[in-house]
Amino acid sequence: MAASARVSGAQREVDVSAMIDEAVASPGILAALDAVARDCGFRSFSRNATHAVHELAVAALNSFFATGNQASAEMAILNCHNPDVARAVEAETLRANGSLDHLVDAVRSRVLARLPTADRVETARLAARALTIALEGRIAAADDSRPLDLIENEEVVVCFVPGEGVSLIDGMTRYRGFGSDCVSIEPDERLARFLRLVNVSSDEYVAMVRRHRGVDLGDYPEWRSFHVPGDPDREQLLTDEELLDGIDGAFYGFNPLIAFRANARMLIERDWSIPLSVTGGIVGLHDFANGSGAPQRFRKTVQVCAGPTSFIVGEGRPCDFEEAYGWGSKEFECRVEDSHEVGAPSPRP
């Protein structure tokens, strides 16, 4: 008899679970769950979904700049913020707050009408669990948020680094002797990238050093064979003094770059075939290896024609601007927008 009773009890539990699943899957209950999901207005990727929004923006941009692929940026967010967990928590919260009580009663009533011997308390417990699981799916269906919504208002310090495919170490300027300054710096492609960035020709640079430092670089054969043209359609980005003082201040050399603050989502979603116009920012005579340099502020406008892989995130990394100089985001305030000027002049990547 005992064994028979256990079989009967197990069968009854199976029957109750099957009846509950059938009731929860009925059009009326599903419609009611849809209403609960809509009314809660849950968005997996709203700004209040996590306290680490800025860190996620940095991670998304790091992935995007490495690959040039928007999907990789979204995956970086998903790796840190699982929407399934967030939806499960929301569904459980709604259940605990009583939002499903009327549906639990409705499902239990259907089961008891067909199986009067079922335990009321246990049936209600099983119904609540089944409804909560089903609600997760309805919340997911009603949730139209996307990973990039999470970082919609986040601004991040980024750097345009000319020389696509060149590492930061390999892109550092070189110098002769004990330390780098505007005289000892090597006239090579690394310096050429910097001169193109600030729009100073090699002849103008030699004249600048002669005028302000009293040294004629033209006396050296390597400088006589060094040719970098200027762009007459662009302004010189820094004054002579700013340029020479900056180079003199970067004792270990520097990475030529432009650093500015921009909206992370805009950078990920923009059309990169359109030049990027940056007004104001930092000309980064900066060494990311040693955390040294002498970055200079500029207020003019520069057009950048380059893909996302010519950029890096300029914060949250070793030897960044904050670590080296104590600079926060306000030092990188600027205006960043798409440039629709035909043939807009720009430094080469």
# chains A, B, ... in the order shown; residues from 1 in each chain; ligands from 1
$ select_by_dssp --residues "stretch 30-268 of chain A" --states "alpha helix (DSSP H)" --output "ChimeraX atom specification"
/A:30-40,53-67,70-80,83-96,101-114,120-142,189-198,202-213,221-224,240-249,264-268
$ closest_atom_pairs --of "stretch 128-201 of chain A" --to "stretch 301-304 of chain A" --cutoff "9 Å" --atoms "only C-alpha atoms" --output "CSV"
residue,atom,partner,partner_atom,distance
A:Phe160,CA,A:Val304,CA,8.1
A:Leu197,CA,A:Val302,CA,8.7
A:Val198,CA,A:Val302,CA,8.9
$ write_last_selection --atoms "C-alpha atoms" --output "PDB file, in the first residue's frame"
ATOM      1  CA  PHE A 160      43.437  59.485 -33.065  1.00  0.00           C
ATOM      2  CA  LEU A 197      49.151  66.159 -37.724  1.00  0.00           C
ATOM      3  CA  VAL A 198      49.913  69.755 -36.702  1.00  0.00           C
TER       4      VAL A 198
END
$ residues_around --residues "A:Ala66" --least-positions-apart "6" --cutoff "12 Å" --atoms "only C-alpha atoms" --output "list in words"
Ala59, Ala60, Ser72, Ala73, Ala76, Glu164, Gly165, Ser167, Ile268, Gly307, Pro308, Thr309, Ser310, Phe311, Ile312 and Val313 of chain A
$ atom_distance --atom1 "atom CA of A:Ala96" --atom2 "atom CA of A:Ala37"
14.7 Å
$ closest_residue --among "A:Gly214, A:Ile139, A:Arg129, A:Val58" --to "A:Ala35" --atoms "only C-alpha atoms"
A:Ile139
$ decode --residues "stretch 175-186 of chain A" --atoms "C-alpha atoms" --output "CSV table (one decimal), in the first residue's frame"
chain,number,residue,atom,x,y,z
A,175,TYR,CA,66.0,60.7,-30.7
A,176,ARG,CA,69.8,60.9,-30.6
A,177,GLY,CA,71.8,61.2,-27.4
A,178,PHE,CA,70.6,61.3,-23.8
A,179,GLY,CA,67.1,62.7,-24.2
A,180,SER,CA,64.7,64.0,-26.8
A,181,ASP,CA,64.1,67.6,-27.7
A,182,CYS,CA,63.4,69.6,-30.8
A,183,VAL,CA,67.0,69.3,-32.0
A,184,SER,CA,67.8,65.7,-31.1
A,185,ILE,CA,64.6,64.2,-32.4
A,186,GLU,CA,65.1,61.9,-35.4
